[in-house]
Structures are given as structure tokens and as C-alpha cells.
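Peer 1: data15.tsv is reproduced in full below (TSV, C-alpha atoms).
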```
chain	number	residue	atom	x	y	z
N	15	MET	CA	0.00	0.00	0.00
N	16	THR	CA	1.31	3.47	-0.84
N	17	LEU	CA	0.76	6.67	1.12
N	18	ILE	CA	-1.83	7.83	-1.43
N	19	GLU	CA	-3.89	4.68	-0.88
N	20	LEU	CA	-4.07	5.39	2.88
N	21	LEU	CA	-5.74	8.77	2.24
N	22	LYS	CA	-9.32	9.89	1.82
N	23	PHE	CA	-9.44	12.72	-0.72
N	24	ASN	CA	-12.53	14.94	-0.43
N	25	ASP	CA	-15.41	15.25	-2.93
N	26	LYS	CA	-13.28	17.68	-4.99
N	27	GLY	CA	-10.37	15.22	-5.12
N	28	LEU	CA	-8.31	17.27	-2.66
N	29	ILE	CA	-6.71	16.66	0.72
N	30	PRO	CA	-5.64	19.45	3.09
N	31	ALA	CA	-2.03	19.57	4.26
N	32	ILE	CA	-0.84	21.61	7.22
N	33	ILE	CA	2.65	22.93	6.57
N	34	GLN	CA	4.84	23.34	9.65
N	35	ASP	CA	8.39	24.68	9.73
N	36	ASP	CA	10.50	21.82	11.03
N	37	LYS	CA	12.98	23.96	12.94
N	38	SER	CA	10.89	26.72	14.53
N	39	LYS	CA	7.71	24.54	14.76
N	40	GLU	CA	5.71	27.53	13.46
N	41	VAL	CA	2.62	26.60	11.47
N	42	LEU	CA	3.12	28.23	8.07
N	43	THR	CA	0.02	27.58	6.00
N	44	LEU	CA	-2.79	25.23	5.02
N	45	CYS	CA	-2.63	23.90	1.46
N	46	TYR	CA	-4.71	21.60	-0.68
N	47	LEU	CA	-3.24	18.82	-2.79
N	48	ASN	CA	-4.79	16.64	-5.41
N	49	ARG	CA	-3.33	13.21	-6.14
N	50	GLU	CA	-0.96	14.59	-8.77
N	51	ALA	CA	0.34	17.34	-6.46
N	52	LEU	CA	0.99	14.79	-3.74
N	53	GLU	CA	2.79	12.44	-6.13
N	54	LYS	CA	5.06	15.28	-7.30
N	55	THR	CA	5.66	16.41	-3.70
N	56	LEU	CA	6.75	12.92	-2.68
N	57	ALA	CA	8.82	12.33	-5.82
N	58	GLU	CA	10.69	15.65	-5.73
N	59	GLY	CA	10.83	16.24	-1.96
N	60	CYS	CA	9.40	19.75	-2.13
N	61	VAL	CA	5.83	20.92	-1.78
N	62	TYR	CA	3.48	21.19	-4.77
N	63	VAL	CA	-0.09	22.35	-4.25
N	64	PHE	CA	-3.27	22.50	-6.21
N	65	ARG	CA	-4.21	26.18	-6.39
N	66	ARG	CA	-7.99	26.16	-6.26
N	67	SER	CA	-8.30	29.77	-7.50
N	68	LYS	CA	-6.23	29.02	-10.62
N	69	ASN	CA	-7.27	25.37	-11.00
N	70	MET	CA	-3.66	24.33	-11.57
N	71	LEU	CA	-0.66	22.59	-10.01
N	72	MET	CA	2.05	24.87	-8.62
N	73	LYS	CA	5.38	24.32	-6.90
N	74	LYS	CA	5.37	26.35	-3.68
N	75	GLY	CA	7.92	29.14	-4.02
N	76	GLU	CA	8.40	28.74	-7.78
N	77	THR	CA	8.14	32.52	-8.37
N	78	SER	CA	9.49	33.80	-5.05
N	79	GLY	CA	12.21	31.25	-4.30
N	80	CYS	CA	10.43	30.48	-1.01
N	81	THR	CA	10.50	26.74	-1.54
N	82	GLN	CA	9.58	24.14	1.05
N	83	ALA	CA	11.87	21.10	1.32
N	84	LEU	CA	9.95	18.16	2.72
N	85	LYS	CA	11.35	16.70	5.96
N	86	SER	CA	8.52	14.37	7.02
N	87	VAL	CA	4.93	13.43	6.26
N	88	CYS	CA	2.36	12.44	8.87
N	89	ILE	CA	-1.28	11.48	8.32
N	90	ASP	CA	-4.08	12.03	10.77
N	91	CYS	CA	-5.98	9.26	12.55
N	92	GLU	CA	-8.68	9.24	9.85
N	93	GLY	CA	-6.52	9.69	6.75
N	94	LYS	CA	-8.32	12.94	5.92
N	95	SER	CA	-5.42	15.40	6.28
N	96	LEU	CA	-1.64	15.56	6.17
N	97	LEU	CA	1.05	17.28	8.22
N	98	PHE	CA	4.18	18.20	6.28
N	99	LYS	CA	7.23	19.30	8.21
N	100	VAL	CA	9.40	21.36	5.90
N	101	ASP	CA	12.56	23.39	5.72
N	102	GLN	CA	11.06	26.76	4.72
N	103	LYS	CA	13.29	28.93	2.55
N	104	ILE	CA	12.98	32.73	3.23
N	105	ALA	CA	9.26	32.96	4.11
N	106	GLY	CA	6.07	30.96	3.68
N	107	CYS	CA	3.48	33.65	2.97
N	108	HIS	CA	3.01	35.56	-0.29
N	109	GLU	CA	2.50	38.69	1.83
N	110	GLY	CA	6.17	38.47	2.83
N	111	PHE	CA	5.73	37.13	6.36
N	112	PHE	CA	7.33	33.89	7.58
N	113	THR	CA	3.90	32.38	8.28
N	114	CYS	CA	0.48	33.03	6.72
N	115	TYR	CA	-0.86	33.23	10.30
N	116	PHE	CA	0.79	36.59	11.01
N	117	ARG	CA	-2.44	38.22	12.23
N	118	GLN	CA	-3.55	37.51	15.76
N	119	VAL	CA	-7.16	38.50	16.27
N	120	ASP	CA	-9.38	38.90	19.29
N	121	LYS	CA	-13.13	38.29	19.23
N	122	ASP	CA	-13.86	41.94	18.43
N	123	GLY	CA	-11.71	41.71	15.30
N	124	ASN	CA	-8.80	43.71	16.71
N	125	VAL	CA	-5.79	42.64	14.66
N	126	LYS	CA	-2.23	42.47	16.00
N	127	VAL	CA	0.46	41.76	13.41
N	128	LEU	CA	3.03	39.26	14.73
N	129	GLY	CA	6.59	39.36	13.43
N	130	GLU	CA	8.13	41.42	10.68
N	131	ARG	CA	7.89	41.25	6.91
N	132	VAL	CA	10.80	39.19	5.55
N	133	PHE	CA	10.38	40.46	1.98
N	134	ASP	CA	8.41	43.08	0.08
N	135	PRO	CA	5.80	41.26	-2.04
N	136	LYS	CA	5.72	44.10	-4.61
N	137	LYS	CA	9.38	43.46	-5.41
N	138	VAL	CA	9.07	39.67	-5.53
N	139	TYR	CA	5.83	39.22	-7.51
N	140	LYS	CA	5.97	41.56	-10.51
Y	17	MET	CA	-15.69	44.50	12.59
Y	18	THR	CA	-15.65	41.20	14.50
Y	19	LEU	CA	-13.39	38.22	13.89
Y	20	ILE	CA	-16.22	36.36	12.16
Y	21	GLU	CA	-16.65	39.19	9.65
Y	22	LEU	CA	-12.96	38.92	8.68
Y	23	LEU	CA	-13.41	35.27	7.64
Y	24	LYS	CA	-14.43	33.56	4.43
Y	25	PHE	CA	-16.46	30.46	5.28
Y	26	ASN	CA	-16.50	27.84	2.50
Y	27	ASP	CA	-19.50	26.77	0.39
Y	28	LYS	CA	-20.63	24.46	3.23
Y	29	GLY	CA	-20.49	27.32	5.76
Y	30	LEU	CA	-17.35	25.94	7.40
Y	31	ILE	CA	-13.84	27.21	8.06
Y	32	PRO	CA	-10.88	24.94	8.84
Y	33	ALA	CA	-8.94	25.54	12.05
Y	34	ILE	CA	-5.50	24.10	12.73
Y	35	ILE	CA	-5.15	23.28	16.42
Y	36	GLN	CA	-1.63	23.59	17.84
Y	37	ASP	CA	-0.55	22.86	21.39
Y	38	ASP	CA	0.72	26.16	22.77
Y	39	LYS	CA	3.42	24.67	24.96
Y	40	SER	CA	4.94	21.86	22.89
Y	41	LYS	CA	4.10	23.51	19.50
Y	42	GLU	CA	2.89	20.11	18.27
Y	43	VAL	CA	0.14	20.29	15.67
Y	44	LEU	CA	-2.76	18.36	17.16
Y	45	THR	CA	-5.56	18.23	14.60
Y	46	LEU	CA	-7.48	19.97	11.84
Y	47	CYS	CA	-11.08	20.85	12.70
Y	48	TYR	CA	-13.97	22.51	10.92
Y	49	LEU	CA	-16.12	25.19	12.52
Y	50	ASN	CA	-19.32	26.78	11.37
Y	51	ARG	CA	-20.23	30.26	12.52
Y	52	GLU	CA	-22.03	28.96	15.62
Y	53	ALA	CA	-19.08	26.76	16.64
Y	54	LEU	CA	-16.73	29.71	16.30
Y	55	GLU	CA	-18.99	31.99	18.32
Y	56	LYS	CA	-19.17	29.42	21.14
Y	57	THR	CA	-15.39	28.86	20.99
Y	58	LEU	CA	-14.73	32.57	21.36
Y	59	ALA	CA	-17.39	33.08	24.04
Y	60	GLU	CA	-16.36	30.14	26.22
Y	61	GLY	CA	-12.61	30.06	25.51
Y	62	CYS	CA	-12.53	26.37	24.63
Y	63	VAL	CA	-12.80	24.71	21.26
Y	64	TYR	CA	-16.15	23.70	19.75
Y	65	VAL	CA	-16.24	22.06	16.33
Y	66	PHE	CA	-18.81	21.18	13.76
Y	67	ARG	CA	-18.60	17.40	13.34
Y	68	ARG	CA	-19.31	16.84	9.67
Y	69	SER	CA	-20.00	13.11	10.12
Y	70	LYS	CA	-22.67	13.77	12.78
Y	71	ASN	CA	-23.85	17.14	11.43
Y	72	MET	CA	-23.74	18.63	14.92
Y	73	LEU	CA	-21.89	21.02	17.19
Y	74	MET	CA	-19.59	19.39	19.76
Y	75	LYS	CA	-17.29	20.65	22.47
Y	76	LYS	CA	-13.86	19.07	21.94
Y	77	GLY	CA	-13.19	16.71	24.81
Y	78	GLU	CA	-16.75	16.71	26.15
Y	79	THR	CA	-16.77	12.90	26.51
Y	80	SER	CA	-13.10	12.26	27.17
Y	81	GLY	CA	-12.18	15.28	29.28
Y	82	CYS	CA	-9.53	16.17	26.69
Y	83	THR	CA	-10.61	19.78	26.42
Y	84	GLN	CA	-8.72	22.51	24.59
Y	85	ALA	CA	-8.45	25.87	26.34
Y	86	LEU	CA	-7.99	28.62	23.78
Y	87	LYS	CA	-4.80	30.68	24.16
Y	88	SER	CA	-4.78	32.65	20.89
Y	89	VAL	CA	-6.45	32.90	17.50
Y	90	CYS	CA	-4.67	33.78	14.27
Y	91	ILE	CA	-6.15	34.07	10.79
Y	92	ASP	CA	-4.32	33.41	7.56
Y	93	CYS	CA	-3.47	36.05	4.96
Y	94	GLU	CA	-6.66	35.30	3.01
Y	95	GLY	CA	-9.10	34.80	5.90
Y	96	LYS	CA	-9.78	31.22	4.80
Y	97	SER	CA	-8.40	29.34	7.79
Y	98	LEU	CA	-7.64	29.76	11.48
Y	99	LEU	CA	-4.81	28.76	13.77
Y	100	PHE	CA	-5.84	28.10	17.37
Y	101	LYS	CA	-3.13	27.76	19.98
Y	102	VAL	CA	-4.53	25.79	22.89
Y	103	ASP	CA	-3.69	24.29	26.21
Y	104	GLN	CA	-4.45	20.63	25.43
Y	105	LYS	CA	-5.69	18.58	28.37
Y	106	ILE	CA	-4.54	14.90	28.39
Y	107	ALA	CA	-4.47	14.20	24.63
Y	108	GLY	CA	-5.91	15.59	21.41
Y	109	CYS	CA	-6.73	12.44	19.43
Y	110	HIS	CA	-9.68	10.10	20.00
Y	111	GLU	CA	-7.25	7.21	19.40
Y	112	GLY	CA	-5.52	8.14	22.66
Y	113	PHE	CA	-2.43	9.82	21.21
Y	114	PHE	CA	-1.41	13.40	22.04
Y	115	THR	CA	-1.74	14.42	18.38
Y	116	CYS	CA	-3.90	13.07	15.55
Y	117	TYR	CA	-0.71	13.09	13.41
Y	118	PHE	CA	0.86	10.16	15.26
Y	119	ARG	CA	1.59	8.19	12.08
Y	120	GLN	CA	4.64	9.16	10.05
Y	121	VAL	CA	4.47	7.68	6.58
Y	122	ASP	CA	6.96	7.31	3.74
Y	123	LYS	CA	5.97	7.30	0.08
Y	124	ASP	CA	5.60	3.50	0.03
Y	125	GLY	CA	3.06	3.71	2.83
Y	126	ASN	CA	5.35	2.37	5.55
Y	127	VAL	CA	3.89	3.65	8.80
Y	128	LYS	CA	5.92	4.52	11.88
Y	129	VAL	CA	3.93	5.33	15.01
Y	130	LEU	CA	5.36	8.35	16.84
Y	131	GLY	CA	4.92	8.66	20.60
Y	132	GLU	CA	2.94	6.54	23.00
Y	133	ARG	CA	-0.77	6.20	23.67
Y	134	VAL	CA	-1.75	8.51	26.54
Y	135	PHE	CA	-5.08	6.75	27.16
Y	136	ASP	CA	-6.93	3.63	26.05
Y	137	PRO	CA	-9.85	4.74	23.84
Y	138	LYS	CA	-11.87	1.63	24.75
Y	139	LYS	CA	-11.95	2.74	28.38
Y	140	VAL	CA	-12.71	6.39	27.63
Y	141	TYR	CA	-15.41	6.08	24.94
Y	142	LYS	CA	-17.89	3.42	26.11
```
In C-alpha cells, how does this file's structure come out?
Peer 2:
Amino acid sequence: MTLIELLKFNDKGLIPAIIQDDKSKEVLTLCYLNREALEKTLAEGCVYVFRRSKNMLMKKGETSGCTQALKSVCIDCEGKSLLFKVDQKIAGCHEGFFTCYFRQVDKDGNVKVLGERVFDPKKVYK
Amino acid sequence: MTLIELLKFNDKGLIPAIIQDDKSKEVLTLCYLNREALEKTLAEGCVYVFRRSKNMLMKKGETSGCTQALKSVCIDCEGKSLLFKVDQKIAGCHEGFFTCYFRQVDKDGNVKVLGERVFDPKKVYK
């Protein structure tokens, strides 16, 4: 049995993967992979995702250089999601922050930005 | 603006939340909340989820005592997912492990169980 056979993809053929930085243990982002994205991720050892908004396969960091080298893969108790531990190059978020979860919010919607921008997205995505 | 107004719930009215143990930084599970579950989570300071398989609202740990006290809430750059840091009581997985991601898997599907069972699910869920 392969890893893919242990998984339950959803009704859109996708499975969510939590991406965690292996060193700092910071949670970086939540991605969605189809079978092809997962196969390429496992074969090449870096994260590919299925971008729902563009309906296409993309290597994470292809434009920005912010690639994610795969360190380990865990599956949850029900086979419905994945946890990838990665070595994050530069930063994980297209907004230029290390993690996509850079906004801490209280129940009234007050937003506190955590951390500093690592890069300026206007200079990286032209 | 409240936290809920900053979020984009999906076409089923749900938003995914990654649950991370605040102390150990271990990723525990991926849950789905509807608006009501999120309102109760914020009001009571412990995690409620919408159980898709049972189509109902449930307090995490209500049966087992493995509750999750909310420490902080972050939202991702697009408002499509949440990161909850929690103080996890006992263990986060209904299989008795601290995290739902207790199975590390290689591409051939070889499974290595990480960590030890904290409780016996047969004794907890009767």
C-alpha cells in the first residue's frame, strides 16, 4: 500500500495539508493537494499544491524562491489530512511574512500583526 | 468589525482551524467550525467544532475530558483558515495519542507510530 492509498481525498479530489516549519515549529500555511500534487511532492521532496483559485498545479515558491523542502509526512488518525514538516526557505506567505498566520485577532476583530515582513511582495511578484 | 466578519467560510459554511498545542508547539488536529461553533469557541474560551459526520456542534473533549483551552487565535493572509493555539488537556486524538498526526508515513506507505498512547480509547469512549 502506498501513502496515497491510505488517504481519503474529499469530494473535490483534494486533501488538506498543514505545513509546519521543522525547525521553529511555526505553522506556516494550510494547502490543498490533489493526487498529482501529492505524487510530485513525494517524488521531488518539495511541496506542490493544487491552487484552487487558478485550477492548476504549482510548486510552492516557484516565483518567489520560497521553496519548502519536505522533511517528514504524517497522516491524521482518519486519513483525511496531512502534516508536512518542511525546511522553509525565506518565508512561507506571499505577503512576505514567515507564516500566513501573522495576524492575531481577538473576538472583536482587533488585529495584531506578529513578526516582521521578511520580503516586500511588490518586489518579488511583478 | 468582529473576527467572524474577517473570515471567508466555504460553500458548506465551514472554516478549517488548525489546532496547535501552545506549549509543545505540536500540531494536534485539523477541525472545521461553522459560525455557531466559532462563536461558542470565542465566548467560552474552549474549542467547539462542527462534526461533519454527525452534522452537529460538539465541544472538543466533552466525553473524554480532553478539552482545549484557547490561548490565541490567528487568521491566515486570506481569511480562509484559522490557527488556534490551545492548552491541550490529556491528549488531542480520540485514538488516545497526544496528536492526531501520530503516524509518520513514507511514500511507500510504511507507517511509523510516533509517541505513546496517553489513554486507552476503549476505556474512555464506552
Peer 1: Counting only C-alpha atoms, note down every residue that has an atom within 12 Å of the point (-12.3, 14.4, -6.5) (file coordinates), as a ChimeraX atom specification.
Peer 2: /N:22-29,46-50
Peer 1: Please provide the set of residues having any atom within 6 Å of Leu86 in chain Y, restricted to all atoms listed in the file, with same-chain residues fewer than 4 positions apart removed, written as a list in words.
Peer 2: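 So, after excluding close chain neighbours, the residues are Gly61, Cys62 and Val102 of chain Y.
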Peer 1: CA of Glu111 in chain Y to CA of Cys91 in chain N: how many Å, to one decimal?
Peer 2: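 Interatomic distance, CA of Glu111 in chain Y to CA of Cys91 in chain N: 7.3 Å.
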Peer 1: Which residues come within 8 Å of Ile20 in chain Y, counting only C-alpha atoms, excluding same-chain residues fewer than 2 positions away, as a list in words?
Peer 2: Lys121 and Gly123 of chain N; Thr18, Leu22, Leu23, Arg51 and Leu54 of chain Y
Peer 1: Got a sec to pull out which chain Y residues are within 10 Å of chain N, counting all atoms listed in the file, and send them as a compact mmCIF listing (two decimals) with C-alpha atoms, in the frame of the given file?
Peer 2:
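File iface-v6.txt, as written:
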```
# COMPACT_ATOMS: atom_id res chain seq x y z
CA MET Y 17 -15.69 44.50 12.59
CA THR Y 18 -15.65 41.20 14.50
CA LEU Y 19 -13.39 38.22 13.89
CA ILE Y 20 -16.22 36.36 12.16
CA GLU Y 21 -16.65 39.19 9.65
CA LEU Y 22 -12.96 38.92 8.68
CA PRO Y 32 -10.88 24.94 8.84
CA ALA Y 33 -8.94 25.54 12.05
CA ILE Y 34 -5.50 24.10 12.73
CA ILE Y 35 -5.15 23.28 16.42
CA GLN Y 36 -1.63 23.59 17.84
CA SER Y 40 4.94 21.86 22.89
CA LYS Y 41 4.10 23.51 19.50
CA GLU Y 42 2.89 20.11 18.27
CA VAL Y 43 0.14 20.29 15.67
CA LEU Y 44 -2.76 18.36 17.16
CA THR Y 45 -5.56 18.23 14.60
CA LEU Y 46 -7.48 19.97 11.84
CA LEU Y 54 -16.73 29.71 16.30
CA GLU Y 55 -18.99 31.99 18.32
CA THR Y 57 -15.39 28.86 20.99
CA LEU Y 58 -14.73 32.57 21.36
CA ALA Y 59 -17.39 33.08 24.04
CA SER Y 88 -4.78 32.65 20.89
CA VAL Y 89 -6.45 32.90 17.50
CA CYS Y 90 -4.67 33.78 14.27
CA ILE Y 91 -6.15 34.07 10.79
CA ASP Y 92 -4.32 33.41 7.56
CA CYS Y 93 -3.47 36.05 4.96
CA GLU Y 94 -6.66 35.30 3.01
CA GLY Y 95 -9.10 34.80 5.90
CA LYS Y 96 -9.78 31.22 4.80
CA SER Y 97 -8.40 29.34 7.79
CA LEU Y 98 -7.64 29.76 11.48
CA LEU Y 99 -4.81 28.76 13.77
CA PHE Y 100 -5.84 28.10 17.37
CA CYS Y 109 -6.73 12.44 19.43
CA HIS Y 110 -9.68 10.10 20.00
CA GLU Y 111 -7.25 7.21 19.40
CA PHE Y 113 -2.43 9.82 21.21
CA THR Y 115 -1.74 14.42 18.38
CA CYS Y 116 -3.90 13.07 15.55
CA TYR Y 117 -0.71 13.09 13.41
CA PHE Y 118 0.86 10.16 15.26
CA ARG Y 119 1.59 8.19 12.08
CA GLN Y 120 4.64 9.16 10.05
CA VAL Y 121 4.47 7.68 6.58
CA ASP Y 122 6.96 7.31 3.74
CA LYS Y 123 5.97 7.30 0.08
CA ASP Y 124 5.60 3.50 0.03
CA GLY Y 125 3.06 3.71 2.83
CA ASN Y 126 5.35 2.37 5.55
CA VAL Y 127 3.89 3.65 8.80
CA LYS Y 128 5.92 4.52 11.88
CA VAL Y 129 3.93 5.33 15.01
CA LEU Y 130 5.36 8.35 16.84
```
Peer 1: Can you give chain Y as an mmCIF file with C-alpha atoms, keeping the file's coordinate frame after you superpose it on chain N, pairing all C-alpha atoms in order for the least-squares fit?
Peer 2:
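Written out: result-v2.cif:
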```
data_model
loop_
_atom_site.group_PDB
_atom_site.id
_atom_site.type_symbol
_atom_site.label_atom_id
_atom_site.label_comp_id
_atom_site.auth_asym_id
_atom_site.auth_seq_id
_atom_site.Cartn_x
_atom_site.Cartn_y
_atom_site.Cartn_z
ATOM 1 C CA MET Y 17 -0.010 -0.006 -0.007
ATOM 2 C CA THR Y 18 1.314 3.471 -0.841
ATOM 3 C CA LEU Y 19 0.756 6.671 1.110
ATOM 4 C CA ILE Y 20 -1.830 7.830 -1.426
ATOM 5 C CA GLU Y 21 -3.893 4.677 -0.880
ATOM 6 C CA LEU Y 22 -4.051 5.403 2.871
ATOM 7 C CA LEU Y 23 -5.730 8.778 2.236
ATOM 8 C CA LYS Y 24 -9.315 9.891 1.818
ATOM 9 C CA PHE Y 25 -9.437 12.713 -0.727
ATOM 10 C CA ASN Y 26 -12.536 14.926 -0.419
ATOM 11 C CA ASP Y 27 -15.400 15.236 -2.928
ATOM 12 C CA LYS Y 28 -13.283 17.675 -4.990
ATOM 13 C CA GLY Y 29 -10.365 15.211 -5.112
ATOM 14 C CA LEU Y 30 -8.310 17.264 -2.659
ATOM 15 C CA ILE Y 31 -6.697 16.657 0.717
ATOM 16 C CA PRO Y 32 -5.650 19.446 3.094
ATOM 17 C CA ALA Y 33 -2.037 19.565 4.259
ATOM 18 C CA ILE Y 34 -0.849 21.604 7.226
ATOM 19 C CA ILE Y 35 2.650 22.923 6.568
ATOM 20 C CA GLN Y 36 4.845 23.353 9.650
ATOM 21 C CA ASP Y 37 8.384 24.682 9.739
ATOM 22 C CA ASP Y 38 10.516 21.822 11.038
ATOM 23 C CA LYS Y 39 12.985 23.982 12.921
ATOM 24 C CA SER Y 40 10.885 26.716 14.535
ATOM 25 C CA LYS Y 41 7.698 24.544 14.752
ATOM 26 C CA GLU Y 42 5.709 27.530 13.462
ATOM 27 C CA VAL Y 43 2.626 26.594 11.467
ATOM 28 C CA LEU Y 44 3.112 28.212 8.076
ATOM 29 C CA THR Y 45 0.008 27.578 5.985
ATOM 30 C CA LEU Y 46 -2.797 25.226 5.022
ATOM 31 C CA CYS Y 47 -2.628 23.902 1.459
ATOM 32 C CA TYR Y 48 -4.718 21.597 -0.685
ATOM 33 C CA LEU Y 49 -3.230 18.832 -2.807
ATOM 34 C CA ASN Y 50 -4.793 16.625 -5.410
ATOM 35 C CA ARG Y 51 -3.337 13.216 -6.131
ATOM 36 C CA GLU Y 52 -0.959 14.592 -8.775
ATOM 37 C CA ALA Y 53 0.328 17.340 -6.457
ATOM 38 C CA LEU Y 54 0.988 14.780 -3.746
ATOM 39 C CA GLU Y 55 2.792 12.441 -6.126
ATOM 40 C CA LYS Y 56 5.059 15.282 -7.301
ATOM 41 C CA THR Y 57 5.663 16.409 -3.697
ATOM 42 C CA LEU Y 58 6.752 12.926 -2.690
ATOM 43 C CA ALA Y 59 8.823 12.340 -5.834
ATOM 44 C CA GLU Y 60 10.683 15.655 -5.737
ATOM 45 C CA GLY Y 61 10.818 16.237 -1.966
ATOM 46 C CA CYS Y 62 9.405 19.754 -2.136
ATOM 47 C CA VAL Y 63 5.839 20.917 -1.787
ATOM 48 C CA TYR Y 64 3.485 21.189 -4.771
ATOM 49 C CA VAL Y 65 -0.086 22.354 -4.234
ATOM 50 C CA PHE Y 66 -3.267 22.489 -6.195
ATOM 51 C CA ARG Y 67 -4.223 26.172 -6.362
ATOM 52 C CA ARG Y 68 -8.001 26.151 -6.227
ATOM 53 C CA SER Y 69 -8.311 29.751 -7.464
ATOM 54 C CA LYS Y 70 -6.238 29.015 -10.594
ATOM 55 C CA ASN Y 71 -7.265 25.359 -10.984
ATOM 56 C CA MET Y 72 -3.647 24.352 -11.537
ATOM 57 C CA LEU Y 73 -0.674 22.587 -10.008
ATOM 58 C CA MET Y 74 2.050 24.868 -8.620
ATOM 59 C CA LYS Y 75 5.367 24.335 -6.905
ATOM 60 C CA LYS Y 76 5.366 26.359 -3.673
ATOM 61 C CA GLY Y 77 7.902 29.135 -4.017
ATOM 62 C CA GLU Y 78 8.403 28.739 -7.767
ATOM 63 C CA THR Y 79 8.142 32.513 -8.347
ATOM 64 C CA SER Y 80 9.489 33.802 -5.055
ATOM 65 C CA GLY Y 81 12.201 31.253 -4.304
ATOM 66 C CA CYS Y 82 10.436 30.477 -1.017
ATOM 67 C CA THR Y 83 10.509 26.736 -1.541
ATOM 68 C CA GLN Y 84 9.599 24.133 1.060
ATOM 69 C CA ALA Y 85 11.874 21.102 1.314
ATOM 70 C CA LEU Y 86 9.948 18.162 2.719
ATOM 71 C CA LYS Y 87 11.347 16.696 5.953
ATOM 72 C CA SER Y 88 8.516 14.361 7.008
ATOM 73 C CA VAL Y 89 4.924 13.430 6.253
ATOM 74 C CA CYS Y 90 2.350 12.446 8.857
ATOM 75 C CA ILE Y 91 -1.281 11.494 8.310
ATOM 76 C CA ASP Y 92 -4.088 12.026 10.771
ATOM 77 C CA CYS Y 93 -5.984 9.250 12.546
ATOM 78 C CA GLU Y 94 -8.685 9.237 9.855
ATOM 79 C CA GLY Y 95 -6.524 9.702 6.746
ATOM 80 C CA LYS Y 96 -8.300 12.964 5.912
ATOM 81 C CA SER Y 97 -5.415 15.397 6.282
ATOM 82 C CA LEU Y 98 -1.629 15.566 6.173
ATOM 83 C CA LEU Y 99 1.043 17.279 8.218
ATOM 84 C CA PHE Y 100 4.174 18.211 6.274
ATOM 85 C CA LYS Y 101 7.232 19.298 8.208
ATOM 86 C CA VAL Y 102 9.410 21.370 5.911
ATOM 87 C CA ASP Y 103 12.553 23.386 5.730
ATOM 88 C CA GLN Y 104 11.055 26.754 4.732
ATOM 89 C CA LYS Y 105 13.285 28.933 2.572
ATOM 90 C CA ILE Y 106 12.976 32.721 3.216
ATOM 91 C CA ALA Y 107 9.263 32.949 4.106
ATOM 92 C CA GLY Y 108 6.066 30.958 3.672
ATOM 93 C CA CYS Y 109 3.480 33.667 2.970
ATOM 94 C CA HIS Y 110 3.005 35.564 -0.298
ATOM 95 C CA GLU Y 111 2.508 38.704 1.826
ATOM 96 C CA GLY Y 112 6.175 38.473 2.818
ATOM 97 C CA PHE Y 113 5.730 37.135 6.351
ATOM 98 C CA PHE Y 114 7.322 33.893 7.577
ATOM 99 C CA THR Y 115 3.888 32.385 8.272
ATOM 100 C CA CYS Y 116 0.473 33.013 6.710
ATOM 101 C CA TYR Y 117 -0.876 33.231 10.300
ATOM 102 C CA PHE Y 118 0.787 36.580 10.999
ATOM 103 C CA ARG Y 119 -2.423 38.228 12.225
ATOM 104 C CA GLN Y 120 -3.547 37.507 15.772
ATOM 105 C CA VAL Y 121 -7.158 38.496 16.264
ATOM 106 C CA ASP Y 122 -9.398 38.898 19.301
ATOM 107 C CA LYS Y 123 -13.140 38.295 19.233
ATOM 108 C CA ASP Y 124 -13.872 41.952 18.416
ATOM 109 C CA GLY Y 125 -11.707 41.694 15.320
ATOM 110 C CA ASN Y 126 -8.795 43.708 16.699
ATOM 111 C CA VAL Y 127 -5.788 42.629 14.667
ATOM 112 C CA LYS Y 128 -2.237 42.482 15.984
ATOM 113 C CA VAL Y 129 0.462 41.765 13.412
ATOM 114 C CA LEU Y 130 3.018 39.261 14.721
ATOM 115 C CA GLY Y 131 6.587 39.357 13.427
ATOM 116 C CA GLU Y 132 8.123 41.420 10.677
ATOM 117 C CA ARG Y 133 7.892 41.250 6.902
ATOM 118 C CA VAL Y 134 10.802 39.191 5.553
ATOM 119 C CA PHE Y 135 10.383 40.466 1.979
ATOM 120 C CA ASP Y 136 8.411 43.091 0.079
ATOM 121 C CA PRO Y 137 5.814 41.266 -2.058
ATOM 122 C CA LYS Y 138 5.750 44.107 -4.609
ATOM 123 C CA LYS Y 139 9.401 43.460 -5.426
ATOM 124 C CA VAL Y 140 9.088 39.671 -5.522
ATOM 125 C CA TYR Y 141 5.853 39.212 -7.507
ATOM 126 C CA LYS Y 142 6.008 41.572 -10.508
#
```
Peer 1: Taking all atoms of range 93-108 of chain N that the file lists, what box with edges along x, y and z, padded by 5 Å per side, do you get, with centre and edge lengths in Å to one decimal, as lines of an AutoDock Vina configuration file?
Peer 2:
```
center_x = 2.5
center_y = 22.6
center_z = 4.0
size_x = 31.6
size_y = 35.9
size_z = 18.5
```
Peer 1: Suppose you want the space between CA of Lys74 in chain N and CA of Asp36 in chain N; what is it in Å?
Peer 2: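 Pair CA of Lys74 in chain N / CA of Asp36 in chain N returns 16.2 Å.
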Peer 1: Between CA of Arg133 in chain Y and CA of Lys70 in chain Y, what is the distance, to one decimal in Å?
Peer 2: 25.6 Å
Peer 1: Leaving out Val138 in chain N and any residue of its chain fewer than 3 positions from it, which residues lie within 10 Å of it when counting all atoms listed in the file, given as a VMD selection string?
Peer 2: chain N and resid 77 to 79 108 to 110 133 to 135
Peer 1: Excluding Met70 in chain N and residues on its chain fewer than 6 positions from it, collect all residues at most 10 Å away from it, counting only C-alpha atoms, and give them as a PyMOL selection string.
Peer 2: chain N and resi 48+51+63-64
